[in-house]
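Novice: Just dropping this structure here.
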Amino acid sequence: MSCRQHSAPSPKKHTWQPAIGTVAFASTVPLTVSVRKQVKFGEVLKVVGNIQAFGDWNIDGAPTLTWNDGHHWKLTTEVPVGFQVKFKFVKVGKSGSDWESGHDRELTALGPEYGLKASCEWNQTEATSVEAYKLEPQEVGAGRSSSPSKQAVAAGGWSVSGSDSGSNGNGSFGSQGSNNGTYNSNGSNNGSSRNKNNGRRSRDGTLSLSSFEEEARGSTGSWVGAAPEFVRSRKKDGERQGVWNTNGLEGVALELVKGDKEASNWLSKLGLQKRMLVDRKPRMRPGVDELAYCYVYATWINTGAIQCAETGGHHRPNHHANLALQMFRSLEWSIGDTIRSSPPSPEEAAADVQITLAARRMHSRLPSFSGEFRQSVPLTRIRDIAHRNDIPKDLKDEIKHTLQNKLHRSAGPEDLVASEAMLKRITAKPGEFNASFVEEFKIFIRELRDFFNASTLVELLDSSKDAVDEPHAACLGQFRTIMSRVEAASNPPLDDLMSLLFIGTQLRTFYAAGLSAGLRNDVPDDALVMRQRWRLAEIRLEEYCFVVLSRIINVVEQQGGAGKLARSNNQVWAIPFAALTAGLRHLGLSQFNGRELLSLENELQAWHSSTPLVETREAALRAKASVDRVMRLAGEYSDAVMRVFDSPAARLGNALGLPPHMANVFGESEVRSSMAFQVSKLATMMSKALRASAGMDAWDGLVTGECVGQLVEVDSLSPEALSRLPRQLQEQGAVLSVKASDGDEEIGPLVPLGLRGVVLRQDLPHLSHLGVRARQEQVPFATCDDAEHYGKVVKPLLGKLVRLAVTPEGVKLEAAPAGSRSSGPSAVASSSPRGSQNGEASTSGWQASISRSSLPTVVPLASARLDTCGSKSTKCAELERMAAASGNLFRTAQGCCLPFGTMETVIERAGPIVSAQYKTLLDKLGSAEGAALDEACNSMQGLLKRLSLPQDLISKISSTFDRDTMLAVRSSANVEDLAGMSAAGLYESVVGVPANNAAEVSLAVATVWASLYTRRAVLSRRVAGVPQPAACMSVLIQELHVPELSFVLHTARPSDGNRGVLLAEVAPGQGETLASGARGTPWRFEVDKAARKIRTMAFANFSKALTAPPRGRTGLMSVDVDYSKQRLSTDESYRQQVVLQLSQAGSLIEEAFQGVPQDVEGGLVPVQGPGGKIESYLYVFQHAHSTRPTCVAQHKGSAGVSSSS
């Protein structure tokens, strides 16, 4: 919801509440709000929000707070239970009103037994502290409701609450509010049980949901439709109302909206879903679009947001059941297709995750297709009840016309709501009605719940117990025993909650294992009945364990949270580690990234069992790396949920005329009800504790400097993001808060668009392509991967003029003083390029004389010169000579070069047509824009990739290497590796090329040539003022060495240029992980070069490592990393040995260039020696002069580095 500043927009534009009569709140509870704010004489503070007590967003109707000493303003009022209350404070005086900045404050009252106290600070809307406190017995319900609170009872997405159930009108009951960080954990709500029936008989004698189930299902299953209306004669069908706006729709969305217009009753709506899920796709396997749209659609139907109407026909339950059976089969097939025998590609893995999470959720929206519901008979019990002679005629008529006839004609989810409400009426006064009648009605309710798959978890588990083996049955019994004990306690012990989580996780594992084999095409219908029960049991157990984990987190927070953990021994840490592991297993059971989850389990267990977590800095850093990896993984799951449901909810909600709020919060609601939400919450608390124990700052400075600009939040670091900013802001300058980066973005083109500084919300290797480019442009750049710190420090400054200062001592972001002017990198291109202070040629280096070969030839690497083979090849030749003189300190890769002019010669030999096409396209690249530029780039790349090397040239290349050698084919242009124009990551490299495969070698060379003319490369040269014909490409071909560890060394610390400190970043596998800026952190070390002292700054947590592909394949292969098996994480002495060796090699290379700081890339490569023994050797692959100015005078000796810990 957008910020409300200076004026109050119309309430309807910002919040939605159900129409009068559609829902009644069960009760209200007291809320005291307080805020500290000094105002002038005659001014007051009001609280304005989305409830009547707060004026319904109308300032005039909003209450005024009472002033108290210390400029504290307070107000006590009543708020409805279960409703998400949103509000802000407004200063009101003679000159008008002034709204506090930021997003709306939000809170939810969870039950009638607890009042709320909200403590606030003016303008800090994200930091509202809400405390729940237990009301005295006489206060509960006093003056607030005529009847006790009746919480929404929902399961499987079906609402089974009556008209007095609390709802916020958007399908979200709000019962998870206690677990989403809104409430401080003071023990008043931890583990409390709102009703302690544990799936047993409630007051009315039926099986009702346990309090844990209410919390699990209430957030997405509460009824938001019209309240049931009890009639004593058939109500005449009214004209169906609705909106079906198909403008701009296509595909599944268009078909659903058109179909819904013709589908009045629930049966026809089920038929529409069946067409989408079963009939629409070949082989009856729905895709992500069909699954996502149908899930959103079905959720809104099942909760009453989309109304079902009668059509006059008679449709028995078997019609609904048969449709459900067909949809169930297709859903299971879709899930089964994601279970692969070999690791999927990244694209396949992403698609599998989306299909599985959407299909599993869709299961909970289907009715039952048990045998009794597939018989062509009506629901006879309600008919018999309606014809009893032992009940009053009025009640008899109401049952007949409200329930019996409606169910016979056109059953729908509204009938379950009406039946539940009827049951509450007839059991309100015990003994009022005949006992046999009441019992018969209860049996009917249970049958109806079965049909709608709205049974309790206990009932669901019991229905499947006859089909389980002995260990499974024992686990089931143990679960029920512990469940009963926990839910019977008002404050269950933490040990009991942990036992319930473990046994619930184990029980879900049994069901998931039984479902893991997939579904054969020839499975008979009757066999699917039990499979549906197992699938629902597996889903409900995840939801139940979600709540158990939430209660555990609340208790841990209540007992001291991160502050206590930071000072505690491993015994105290055992519970959060075990709970986190259980949460990860649930994500794995949902078929999300199982291989990485297994690696994380191994890591967490290893770190907890090997050493005290908080007694040494390195132990805390190591554990934090794994916990942060958990947070990243949970974030990826949440992002997947949002990608699947956000757009379908928005499009479908708008097309069907639903309140905007319902669509806007749909994806977020799904995220907050997923296990990933609780996993992330627990991991965040643990990471905070480990950060404090390690003495870490939340900030990491990549590029020092100071700038002033307006702080703006963007999703990515791209020209598109800046071009969307107002022109005035582009001219004024912006400091960007960037959500995520792939590490390969361009910085140069953003400076003229107003970029002044960057705050990135993730860690980033210092020598990633993005890091290099930021240093060249001297754009102050800092990262902050602590979400809590970001929320407290950065978020309140969004939209304001800020000062970002990145210094060797740390990072400071603050509001700029009044009257400050924008400062930072100039928006006007400088005549002299940045970053040329280190003795290296500036971007004008491309103008240096180059020698183009007139004949195809191969140059040995040792003979490579700057004018014939480019900077990269020449530097590798220098490294080869240094390695020979290093006393075996390091090695280099053997290689050769195709010099400048080779590409042009091969083009000429291809014939006059190819040559003419090349020249024409080269001319177009000099001036083409937009689509014309894209077309020219694509055509040029296609032309070059079709070139074939002469056979004699390939033979010369092959003779340079052993027959079985794998090659790395790399660019070495005259327009890269220049100060101020590194072109880092701009041109292509091809690895894993067999030296004995002529076709693969030829294609790899042609691919490198073609990369000279990508759109990014062409535009980069334009910005640097390099004419396109002046760009030349030499090709460096080297033997491929696959390192077990890759490294980047900065012989002067890049953040401040301190020559006394070397910074080393190390990653598992190939070095592209470091250069590309993949999500994650490298091992990071600072070395005092004079004292040879090492300080570990971070442990690695990249999810993947790039390794050599199997023979016969080019490129790199991505594999999951388990850091409990990485020696650099587990062996301190080995870590010291490796880092000192790297430091020694870096210093040697720096000395060879007269002390000019160097950026050095290489790896530890396992080499098989005599007798088959494998040893690791240090290889250096390339070096370059540092891209940052360095400082000497103010940095002496070990400045900034302490001894190793």
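Going through the structure tokens in order, the chains are called A, B, and so on, while each chain numbers its residues from 1 and the ligands are numbered from 1 in the order shown.
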Residues within 9 Å of A:Gly870, please, as a ChimeraX atom specification. Count only C-alpha atoms; anything in the same chain fewer than 5 positions from it doesn't count.

Specialist: /A:850,864-865,875,899-900,972-977,1032-1035

Novice: Could you give me, as a ChimeraX atom specification, the residues within 8 Å of A:Ser376, counting only C-alpha atoms and dropping anything in the same chain fewer than 6 positions from it?

Specialist: /A:316-318

Novice: Just asking: which residues within stretch 1067-1126 of chain A are helix (DSSP H, G or I) according to DSSP, as a list in words?

Specialist: Glu1072, Thr1073, Leu1074, Ala1075, Ser1076, Tyr1123, Ser1124 and Lys1125 of chain A

Novice: Could you give me, as a list in words, the residues within 12 Å of A:Ser609, counting only C-alpha atoms and dropping anything in the same chain fewer than 4 positions from it?

Specialist: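 In the requested format, the answer is Asn569, Asn570, Gln571, Trp573, Ala574, Phe577, Ala578, Asn602, Glu603, Leu604, Gln605, Leu613, Ala619, Ala623 and Ser1124 of chain A.
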
Novice: So which residues touch A:Gly1155 within 12 Å, counting only C-alpha atoms, skipping near sequence neighbours fewer than 2 positions away, as a PyMOL selection string?

Specialist: chain A and resi 838-839+1051-1052+1059-1060+1146-1153+1157-1158+1185-1186+1190+1192

Novice: Export C-alpha atoms of the chosen residues as a PDB file, in the first residue's frame?

Specialist:
```pdb
ATOM      1  CA  ASN A 838      47.975   3.148 -11.891  1.00  0.00           C
ATOM      2  CA  GLY A 839      50.476   3.347 -14.662  1.00  0.00           C
ATOM      3  CA  THR A1051      47.435  -6.902  -3.705  1.00  0.00           C
ATOM      4  CA  ALA A1052      46.102  -3.567  -2.439  1.00  0.00           C
ATOM      5  CA  ARG A1059      48.968  -1.423  -0.209  1.00  0.00           C
ATOM      6  CA  GLY A1060      49.838  -3.000   3.105  1.00  0.00           C
ATOM      7  CA  GLY A1146      50.408 -12.005  -5.248  1.00  0.00           C
ATOM      8  CA  SER A1147      53.319 -10.138  -3.697  1.00  0.00           C
ATOM      9  CA  LEU A1148      55.748 -11.712  -6.169  1.00  0.00           C
ATOM     10  CA  ILE A1149      53.662 -10.587  -9.131  1.00  0.00           C
ATOM     11  CA  GLU A1150      53.256  -7.105  -7.666  1.00  0.00           C
ATOM     12  CA  GLU A1151      57.017  -6.776  -7.207  1.00  0.00           C
ATOM     13  CA  ALA A1152      57.583  -7.793 -10.842  1.00  0.00           C
ATOM     14  CA  PHE A1153      55.604  -4.690 -11.847  1.00  0.00           C
ATOM     15  CA  PRO A1157      49.030  -3.100  -7.180  1.00  0.00           C
ATOM     16  CA  GLN A1158      47.671  -6.063  -9.104  1.00  0.00           C
ATOM     17  CA  HIS A1185      46.813  -3.584 -12.777  1.00  0.00           C
ATOM     18  CA  SER A1186      44.421  -2.659  -9.997  1.00  0.00           C
ATOM     19  CA  THR A1190      46.069   3.349  -4.090  1.00  0.00           C
ATOM     20  CA  VAL A1192      50.507   4.684   0.766  1.00  0.00           C
TER      21      VAL A1192
END
```

Novice: What lies within 9 Å of stretch 917-919 of chain A using only C-alpha atoms, ignoring chain neighbours under 4 positions off, as a PyMOL selection string?

Specialist: chain A and resi 907+912-913+923-924+940+943-944

Novice: Quick one: of A:Leu1040, A:Val1005, A:Val644, A:Met903, who's nearest to A:Asp964, counting only C-alpha atoms?

Specialist: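 Going through A:Leu1040, A:Val1005, A:Val644, A:Met903 one by one, the smallest distance to A:Asp964 is for A:Leu1040.
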
Novice: Need the shell around A:Val438: protein/DNA/RNA residues with any atom at most 8 Å away, counting only C-alpha atoms. Skip same-chain ones fewer than 5 positions apart. Format as JSON, numbers by chain?

Specialist: {"A": [426, 427, 433]}

Novice: Using only C-alpha atoms, can you tell me which of A:Leu507, A:Arg381, A:Ala663, A:Glu713 comes closest to A:Arg446?

Specialist: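 For A:Arg446, the nearest of the candidates is A:Arg381.
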